[in-house]
$ cat data_37.pdb   # PDB, C-alpha atoms
ATOM      1  CA  MET A  20     147.652  68.294 287.332
ATOM      2  CA  SER A  21     147.494  71.852 286.132
ATOM      3  CA  HIS A  22     143.768  72.737 286.174
ATOM      4  CA  PRO A  23     141.460  70.100 287.620
ATOM      5  CA  ALA A  24     137.707  70.474 287.460
ATOM      6  CA  VAL A  25     137.325  70.581 291.236
ATOM      7  CA  THR A  26     139.473  71.564 294.169
ATOM      8  CA  VAL A  27     138.203  69.873 297.313
ATOM      9  CA  TYR A  28     139.604  71.163 300.552
ATOM     10  CA  ILE A  29     139.321  69.654 303.990
ATOM     11  CA  PRO A  30     139.978  71.930 306.959
ATOM     12  CA  CYS A  31     140.917  69.837 309.977
ATOM     13  CA  ARG A  32     141.727  70.683 313.567
ATOM     14  CA  GLY A  33     141.670  67.786 315.961
ATOM     15  CA  TYR A  34     139.574  65.497 313.749
ATOM     16  CA  GLY A  35     142.356  63.164 312.664
ATOM     17  CA  ARG A  36     140.335  60.114 313.686
ATOM     18  CA  PHE A  37     137.748  61.005 311.011
ATOM     19  CA  LEU A  38     140.054  62.453 308.362
ATOM     20  CA  GLY A  39     140.829  59.160 306.604
ATOM     21  CA  GLN A  40     137.159  58.511 305.862
ATOM     22  CA  ALA A  41     136.743  62.011 304.415
ATOM     23  CA  ILE A  42     139.813  61.590 302.206
ATOM     24  CA  GLU A  43     138.774  58.095 301.104
ATOM     25  CA  SER A  44     135.447  59.525 299.945
ATOM     26  CA  VAL A  45     137.332  61.940 297.674
ATOM     27  CA  LEU A  46     139.564  59.164 296.359
ATOM     28  CA  ALA A  47     136.464  57.114 295.510
ATOM     29  CA  GLN A  48     134.854  59.799 293.318
ATOM     30  CA  SER A  49     133.572  58.763 289.900
ATOM     31  CA  LEU A  50     134.786  62.157 288.632
ATOM     32  CA  THR A  51     138.547  61.762 288.844
ATOM     33  CA  ASP A  52     139.473  65.273 287.696
ATOM     34  CA  TRP A  53     140.052  66.766 291.159
ATOM     35  CA  GLU A  54     142.733  67.925 293.527
ATOM     36  CA  LEU A  55     142.596  67.783 297.308
ATOM     37  CA  ILE A  56     144.040  70.285 299.747
ATOM     38  CA  ILE A  57     144.071  69.191 303.377
ATOM     39  CA  VAL A  58     144.403  72.089 305.811
ATOM     40  CA  ASP A  59     145.876  70.969 309.125
ATOM     41  CA  ASP A  60     144.849  73.901 311.278
ATOM     42  CA  GLY A  61     147.237  73.505 314.204
ATOM     43  CA  SER A  62     146.067  70.027 315.172
ATOM     44  CA  GLU A  63     147.683  68.280 318.099
ATOM     45  CA  ASP A  64     146.352  64.822 317.270
ATOM     46  CA  GLU A  65     147.151  62.405 314.414
ATOM     47  CA  THR A  66     145.902  64.789 311.708
ATOM     48  CA  ALA A  67     149.399  65.578 310.399
ATOM     49  CA  SER A  68     150.411  61.939 310.011
ATOM     50  CA  VAL A  69     147.103  60.933 308.397
ATOM     51  CA  ALA A  70     147.341  63.829 305.929
ATOM     52  CA  ALA A  71     151.000  63.115 305.138
ATOM     53  CA  GLY A  72     150.254  59.451 304.452
ATOM     54  CA  TYR A  73     147.625  60.310 301.870
ATOM     55  CA  GLN A  74     149.807  62.989 300.296
ATOM     56  CA  GLN A  75     152.544  60.383 299.820
ATOM     57  CA  ARG A  76     150.043  58.091 298.083
ATOM     58  CA  ASP A  77     149.031  60.687 295.502
ATOM     59  CA  PRO A  78     151.366  63.716 295.592
ATOM     60  CA  GLN A  79     150.175  64.970 292.211
ATOM     61  CA  ARG A  80     146.624  65.523 293.465
ATOM     62  CA  ILE A  81     146.884  65.763 297.253
ATOM     63  CA  ARG A  82     148.562  68.655 299.015
ATOM     64  CA  VAL A  83     148.772  69.455 302.714
ATOM     65  CA  LEU A  84     148.769  72.955 304.114
ATOM     66  CA  ARG A  85     150.024  72.940 307.699
ATOM     67  CA  ARG A  86     149.232  75.881 309.945
ATOM     68  CA  ASP A  87     151.133  75.861 313.239
ATOM     69  CA  ALA A  88     148.682  78.164 314.993
ATOM     70  CA  PRO A  89     144.954  77.483 314.805
ATOM     71  CA  GLY A  90     142.960  79.937 312.753
ATOM     72  CA  ASN A  91     139.361  79.647 311.695
ATOM     73  CA  LEU A  92     137.412  78.512 308.642
ATOM     74  CA  ARG A  93     137.723  81.910 306.962
ATOM     75  CA  VAL A  94     141.515  81.918 307.327
ATOM     76  CA  SER A  95     141.708  78.363 305.968
ATOM     77  CA  ALA A  96     139.404  79.153 303.047
ATOM     78  CA  ASN A  97     141.428  82.216 302.070
ATOM     79  CA  ALA A  98     144.669  80.207 302.173
ATOM     80  CA  VAL A  99     143.125  77.489 300.002
ATOM     81  CA  LEU A 100     141.830  80.002 297.463
ATOM     82  CA  GLN A 101     145.431  81.153 296.948
ATOM     83  CA  LEU A 102     146.488  77.564 296.160
ATOM     84  CA  ALA A 103     143.442  76.122 294.395
ATOM     85  CA  ARG A 104     143.831  75.221 290.736
ATOM     86  CA  GLY A 105     140.345  73.828 290.176
ATOM     87  CA  ARG A 106     137.584  75.427 288.155
ATOM     88  CA  TYR A 107     135.296  74.824 291.147
ATOM     89  CA  VAL A 108     136.091  74.786 294.874
ATOM     90  CA  MET A 109     134.349  72.675 297.491
ATOM     91  CA  ARG A 110     134.824  72.432 301.238
ATOM     92  CA  LEU A 111     134.449  69.040 302.871
ATOM     93  CA  ASP A 112     134.462  68.970 306.655
ATOM     94  CA  ALA A 113     136.927  66.486 308.138
ATOM     95  CA  ASP A 114     134.162  64.544 309.885
ATOM     96  CA  ASP A 115     131.988  64.240 306.748
ATOM     97  CA  PHE A 116     132.280  62.226 303.562
ATOM     98  CA  LEU A 117     130.980  62.380 300.005
ATOM     99  CA  ASP A 118     128.795  60.085 297.985
ATOM    100  CA  GLU A 119     130.910  58.606 295.187
ATOM    101  CA  ASN A 120     129.098  60.684 292.552
ATOM    102  CA  ALA A 121     128.991  63.989 294.432
ATOM    103  CA  LEU A 122     131.681  65.784 292.413
ATOM    104  CA  LEU A 123     130.319  64.481 289.114
ATOM    105  CA  VAL A 124     126.792  65.676 289.857
ATOM    106  CA  LEU A 125     127.787  69.066 291.247
ATOM    107  CA  ALA A 126     130.402  69.891 288.590
ATOM    108  CA  SER A 127     128.139  68.697 285.754
ATOM    109  CA  TYR A 128     125.330  70.921 286.955
ATOM    110  CA  LEU A 129     127.641  73.932 287.100
ATOM    111  CA  ASP A 130     129.022  73.141 283.647
ATOM    112  CA  ARG A 131     125.496  73.022 282.197
ATOM    113  CA  HIS A 132     124.281  76.140 284.031
ATOM    114  CA  PRO A 133     126.903  78.897 283.724
ATOM    115  CA  ASP A 134     124.479  81.365 285.327
ATOM    116  CA  VAL A 135     124.614  79.395 288.604
ATOM    117  CA  ALA A 136     127.389  80.234 291.039
ATOM    118  CA  LEU A 137     126.740  77.797 293.896
ATOM    119  CA  VAL A 138     125.500  74.228 294.255
ATOM    120  CA  TYR A 139     125.180  71.998 297.279
TER
END
$ encode --input "data_37.pdb" --output "structure tokens"
Amino acid sequence: MSHPAVTVYIPCRGYGRFLGQAIESVLAQSLTDWELIIVDDGSEDETASVAAGYQQRDPQRIRVLRRDAPGNLRVSANAVLQLARGRYVMRLDADDFLDENALLVLASYLDRHPDVALVY
């Protein structure tokens, strides 16, 4: 996938028990033109194995960025922006999940309103 509509990134540090639900909500999107970057920010729980399992399921769209030392959300966001290929970028917290139409609604609004820079 060279240039998806949306890059979703999930920063995660110690939220491995919730990570699967967040990822599943991305997989269930009605807009399928996305990529997912999971940022494992020095987790010491099952985050790495959960992320790796999903990456193996869909290596074309799911990438994992592993940071050995914990950083912060700004550090994670800057790292993702270097890797993101999507026209739009969205952060999804590891303990949250998306409605199945979230990416479709948000990306469609941005496509129709080029003067708008941010939707939520």
$ resolve_selection --input "data_37.pdb" --expression "the PyMOL selection byres ((chain A and resi 112-129) around 10)" --output "PDB file with C-alpha atoms, keeping the file's coordinate frame"
ATOM      1  CA  ALA A  24     137.707  70.474 287.460  1.00  0.00           C
ATOM      2  CA  VAL A  25     137.325  70.581 291.236  1.00  0.00           C
ATOM      3  CA  THR A  26     139.473  71.564 294.169  1.00  0.00           C
ATOM      4  CA  VAL A  27     138.203  69.873 297.313  1.00  0.00           C
ATOM      5  CA  TYR A  28     139.604  71.163 300.552  1.00  0.00           C
ATOM      6  CA  ILE A  29     139.321  69.654 303.990  1.00  0.00           C
ATOM      7  CA  PRO A  30     139.978  71.930 306.959  1.00  0.00           C
ATOM      8  CA  CYS A  31     140.917  69.837 309.977  1.00  0.00           C
ATOM      9  CA  ARG A  32     141.727  70.683 313.567  1.00  0.00           C
ATOM     10  CA  GLY A  33     141.670  67.786 315.961  1.00  0.00           C
ATOM     11  CA  TYR A  34     139.574  65.497 313.749  1.00  0.00           C
ATOM     12  CA  GLY A  35     142.356  63.164 312.664  1.00  0.00           C
ATOM     13  CA  ARG A  36     140.335  60.114 313.686  1.00  0.00           C
ATOM     14  CA  PHE A  37     137.748  61.005 311.011  1.00  0.00           C
ATOM     15  CA  LEU A  38     140.054  62.453 308.362  1.00  0.00           C
ATOM     16  CA  GLY A  39     140.829  59.160 306.604  1.00  0.00           C
ATOM     17  CA  GLN A  40     137.159  58.511 305.862  1.00  0.00           C
ATOM     18  CA  ALA A  41     136.743  62.011 304.415  1.00  0.00           C
ATOM     19  CA  ILE A  42     139.813  61.590 302.206  1.00  0.00           C
ATOM     20  CA  GLU A  43     138.774  58.095 301.104  1.00  0.00           C
ATOM     21  CA  SER A  44     135.447  59.525 299.945  1.00  0.00           C
ATOM     22  CA  VAL A  45     137.332  61.940 297.674  1.00  0.00           C
ATOM     23  CA  LEU A  46     139.564  59.164 296.359  1.00  0.00           C
ATOM     24  CA  ALA A  47     136.464  57.114 295.510  1.00  0.00           C
ATOM     25  CA  GLN A  48     134.854  59.799 293.318  1.00  0.00           C
ATOM     26  CA  SER A  49     133.572  58.763 289.900  1.00  0.00           C
ATOM     27  CA  LEU A  50     134.786  62.157 288.632  1.00  0.00           C
ATOM     28  CA  THR A  51     138.547  61.762 288.844  1.00  0.00           C
ATOM     29  CA  ASP A  52     139.473  65.273 287.696  1.00  0.00           C
ATOM     30  CA  TRP A  53     140.052  66.766 291.159  1.00  0.00           C
ATOM     31  CA  ILE A  57     144.071  69.191 303.377  1.00  0.00           C
ATOM     32  CA  VAL A  58     144.403  72.089 305.811  1.00  0.00           C
ATOM     33  CA  THR A  66     145.902  64.789 311.708  1.00  0.00           C
ATOM     34  CA  ARG A 106     137.584  75.427 288.155  1.00  0.00           C
ATOM     35  CA  TYR A 107     135.296  74.824 291.147  1.00  0.00           C
ATOM     36  CA  VAL A 108     136.091  74.786 294.874  1.00  0.00           C
ATOM     37  CA  MET A 109     134.349  72.675 297.491  1.00  0.00           C
ATOM     38  CA  ARG A 110     134.824  72.432 301.238  1.00  0.00           C
ATOM     39  CA  LEU A 111     134.449  69.040 302.871  1.00  0.00           C
ATOM     40  CA  ASP A 130     129.022  73.141 283.647  1.00  0.00           C
ATOM     41  CA  ARG A 131     125.496  73.022 282.197  1.00  0.00           C
ATOM     42  CA  HIS A 132     124.281  76.140 284.031  1.00  0.00           C
ATOM     43  CA  PRO A 133     126.903  78.897 283.724  1.00  0.00           C
ATOM     44  CA  ASP A 134     124.479  81.365 285.327  1.00  0.00           C
ATOM     45  CA  VAL A 135     124.614  79.395 288.604  1.00  0.00           C
ATOM     46  CA  ALA A 136     127.389  80.234 291.039  1.00  0.00           C
ATOM     47  CA  LEU A 137     126.740  77.797 293.896  1.00  0.00           C
ATOM     48  CA  VAL A 138     125.500  74.228 294.255  1.00  0.00           C
ATOM     49  CA  TYR A 139     125.180  71.998 297.279  1.00  0.00           C
TER      50      TYR A 139
END
$ closest_residue --input "data_37.pdb" --among "A:Val99, A:Arg104, A:Val83, A:Asp77" --to "His22 of chain A" --atoms "only C-alpha atoms"
A:Arg104
$ atom_distance --input "data_37.pdb" --atom1 "atom CA of Arg82 of chain A" --atom2 "atom CA of Glu54 of chain A"
8.0 Å
$ atom_distance --input "data_37.pdb" --atom1 "atom CA of Ala88 of chain A" --atom2 "atom CA of Asp60 of chain A"
6.8 Å
$ atom_distance --input "data_37.pdb" --atom1 "atom CA of Gly61 of chain A" --atom2 "atom CA of Arg86 of chain A"
5.3 Å
$ axis_aligned_box --input "data_37.pdb" --around "segment 27-44 of chain A" --padding-each-side "4 Å" --output "lines of an AutoDock Vina configuration file"
center_x = 138.9
center_y = 65.0
center_z = 306.6
size_x = 14.9
size_y = 21.8
size_z = 26.6
$ decode --input "data_37.pdb" --residues "segment 81-94 of chain A" --atoms "all heavy atoms" --output "CSV table (one decimal), in the first residue's frame"
chain,number,residue,atom,x,y,z
A,81,ILE,N,-0.2,-3.2,8.4
A,81,ILE,CA,0.1,-3.0,9.8
A,81,ILE,C,1.6,-3.1,10.1
A,81,ILE,O,2.3,-4.1,9.7
A,81,ILE,CB,-0.6,-4.1,10.7
A,81,ILE,CG1,-2.1,-4.0,10.5
A,81,ILE,CG2,-0.3,-3.9,12.2
A,81,ILE,CD1,-2.9,-5.0,11.2
A,82,ARG,N,2.1,-2.0,10.7
A,82,ARG,CA,3.5,-2.0,11.0
A,82,ARG,C,3.7,-1.7,12.5
A,82,ARG,O,2.8,-1.1,13.1
A,82,ARG,CB,4.3,-0.9,10.2
A,82,ARG,CG,4.3,-1.2,8.7
A,82,ARG,CD,5.1,-0.1,8.0
A,82,ARG,NE,4.2,1.1,7.8
A,82,ARG,CZ,4.7,2.3,7.5
A,82,ARG,NH1,6.0,2.5,7.3
A,82,ARG,NH2,3.9,3.3,7.4
A,83,VAL,N,4.8,-2.2,13.1
A,83,VAL,CA,5.0,-2.0,14.5
A,83,VAL,C,6.3,-1.2,14.6
A,83,VAL,O,7.3,-1.6,14.1
A,83,VAL,CB,5.1,-3.3,15.3
A,83,VAL,CG1,5.4,-3.1,16.7
A,83,VAL,CG2,3.8,-4.1,15.1
A,84,LEU,N,6.3,-0.2,15.4
A,84,LEU,CA,7.5,0.6,15.8
A,84,LEU,C,7.7,0.3,17.2
A,84,LEU,O,6.9,0.6,18.1
A,84,LEU,CB,7.2,2.1,15.5
A,84,LEU,CG,8.3,3.0,16.0
A,84,LEU,CD1,9.6,2.8,15.3
A,84,LEU,CD2,7.8,4.5,15.7
A,85,ARG,N,8.8,-0.3,17.5
A,85,ARG,CA,9.2,-0.7,18.9
A,85,ARG,C,10.3,0.3,19.4
A,85,ARG,O,11.3,0.4,18.8
A,85,ARG,CB,9.7,-2.1,18.9
A,85,ARG,CG,10.4,-2.5,20.2
A,85,ARG,CD,9.4,-2.9,21.2
A,85,ARG,NE,10.1,-3.4,22.4
A,85,ARG,CZ,9.7,-3.2,23.7
A,85,ARG,NH1,8.5,-2.7,23.9
A,85,ARG,NH2,10.4,-3.7,24.7
A,86,ARG,N,9.9,0.9,20.5
A,86,ARG,CA,10.9,1.8,21.2
A,86,ARG,C,11.3,1.1,22.5
A,86,ARG,O,10.4,0.7,23.3
A,86,ARG,CB,10.2,3.1,21.5
A,86,ARG,CG,9.8,3.9,20.2
A,86,ARG,CD,9.0,5.1,20.5
A,86,ARG,NE,9.6,5.9,21.6
A,86,ARG,CZ,10.7,6.7,21.5
A,86,ARG,NH1,11.3,6.8,20.4
A,86,ARG,NH2,11.1,7.3,22.6
A,87,ASP,N,12.6,0.9,22.7
A,87,ASP,CA,13.1,0.1,23.9
A,87,ASP,C,12.9,1.0,25.1
A,87,ASP,O,12.6,0.5,26.2
A,87,ASP,CB,14.5,-0.3,23.7
A,87,ASP,CG,14.7,-1.4,22.6
A,87,ASP,OD1,13.7,-2.2,22.5
A,87,ASP,OD2,15.7,-1.4,21.9
A,88,ALA,N,13.1,2.3,25.0
A,88,ALA,CA,13.0,3.2,26.2
A,88,ALA,C,11.7,4.0,26.0
A,88,ALA,O,11.5,4.5,25.0
A,88,ALA,CB,14.2,4.1,26.3
A,89,PRO,N,10.9,4.1,27.1
A,89,PRO,CA,9.7,4.9,27.0
A,89,PRO,C,10.0,6.3,26.7
A,89,PRO,O,11.0,6.9,27.1
A,89,PRO,CB,9.1,4.8,28.4
A,89,PRO,CG,9.8,3.6,29.0
A,89,PRO,CD,11.1,3.5,28.4
A,90,GLY,N,9.1,6.9,25.8
A,90,GLY,CA,9.2,8.3,25.5
A,90,GLY,C,8.0,9.0,26.0
A,90,GLY,O,7.6,8.8,27.1
A,91,ASN,N,7.3,9.7,25.1
A,91,ASN,CA,6.1,10.3,25.4
A,91,ASN,C,5.3,10.4,24.1
A,91,ASN,O,5.7,10.0,23.1
A,91,ASN,CB,6.3,11.7,26.1
A,91,ASN,CG,7.1,12.6,25.3
A,91,ASN,OD1,6.9,12.8,24.1
A,91,ASN,ND2,8.1,13.3,25.9
A,92,LEU,N,4.1,11.0,24.2
A,92,LEU,CA,3.2,11.0,23.0
A,92,LEU,C,3.8,11.9,21.9
A,92,LEU,O,3.7,11.6,20.8
A,92,LEU,CB,1.8,11.6,23.4
A,92,LEU,CG,1.0,10.6,24.2
A,92,LEU,CD1,-0.4,11.3,24.6
A,92,LEU,CD2,0.7,9.3,23.5
A,93,ARG,N,4.5,12.9,22.3
A,93,ARG,CA,5.1,13.8,21.3
A,93,ARG,C,6.2,13.0,20.5
A,93,ARG,O,6.3,13.1,19.3
A,93,ARG,CB,5.7,15.1,21.9
A,93,ARG,CG,6.4,16.0,20.9
A,93,ARG,CD,6.9,17.2,21.6
A,93,ARG,NE,7.7,17.0,22.8
A,93,ARG,CZ,9.0,16.6,22.8
A,93,ARG,NH1,9.7,16.5,21.7
A,93,ARG,NH2,9.7,16.3,23.9
A,94,VAL,N,7.0,12.3,21.2
A,94,VAL,CA,8.1,11.5,20.6
A,94,VAL,C,7.5,10.5,19.7
A,94,VAL,O,8.0,10.3,18.6
A,94,VAL,CB,9.0,10.9,21.7
A,94,VAL,CG1,10.0,9.9,21.1
A,94,VAL,CG2,9.8,11.9,22.5
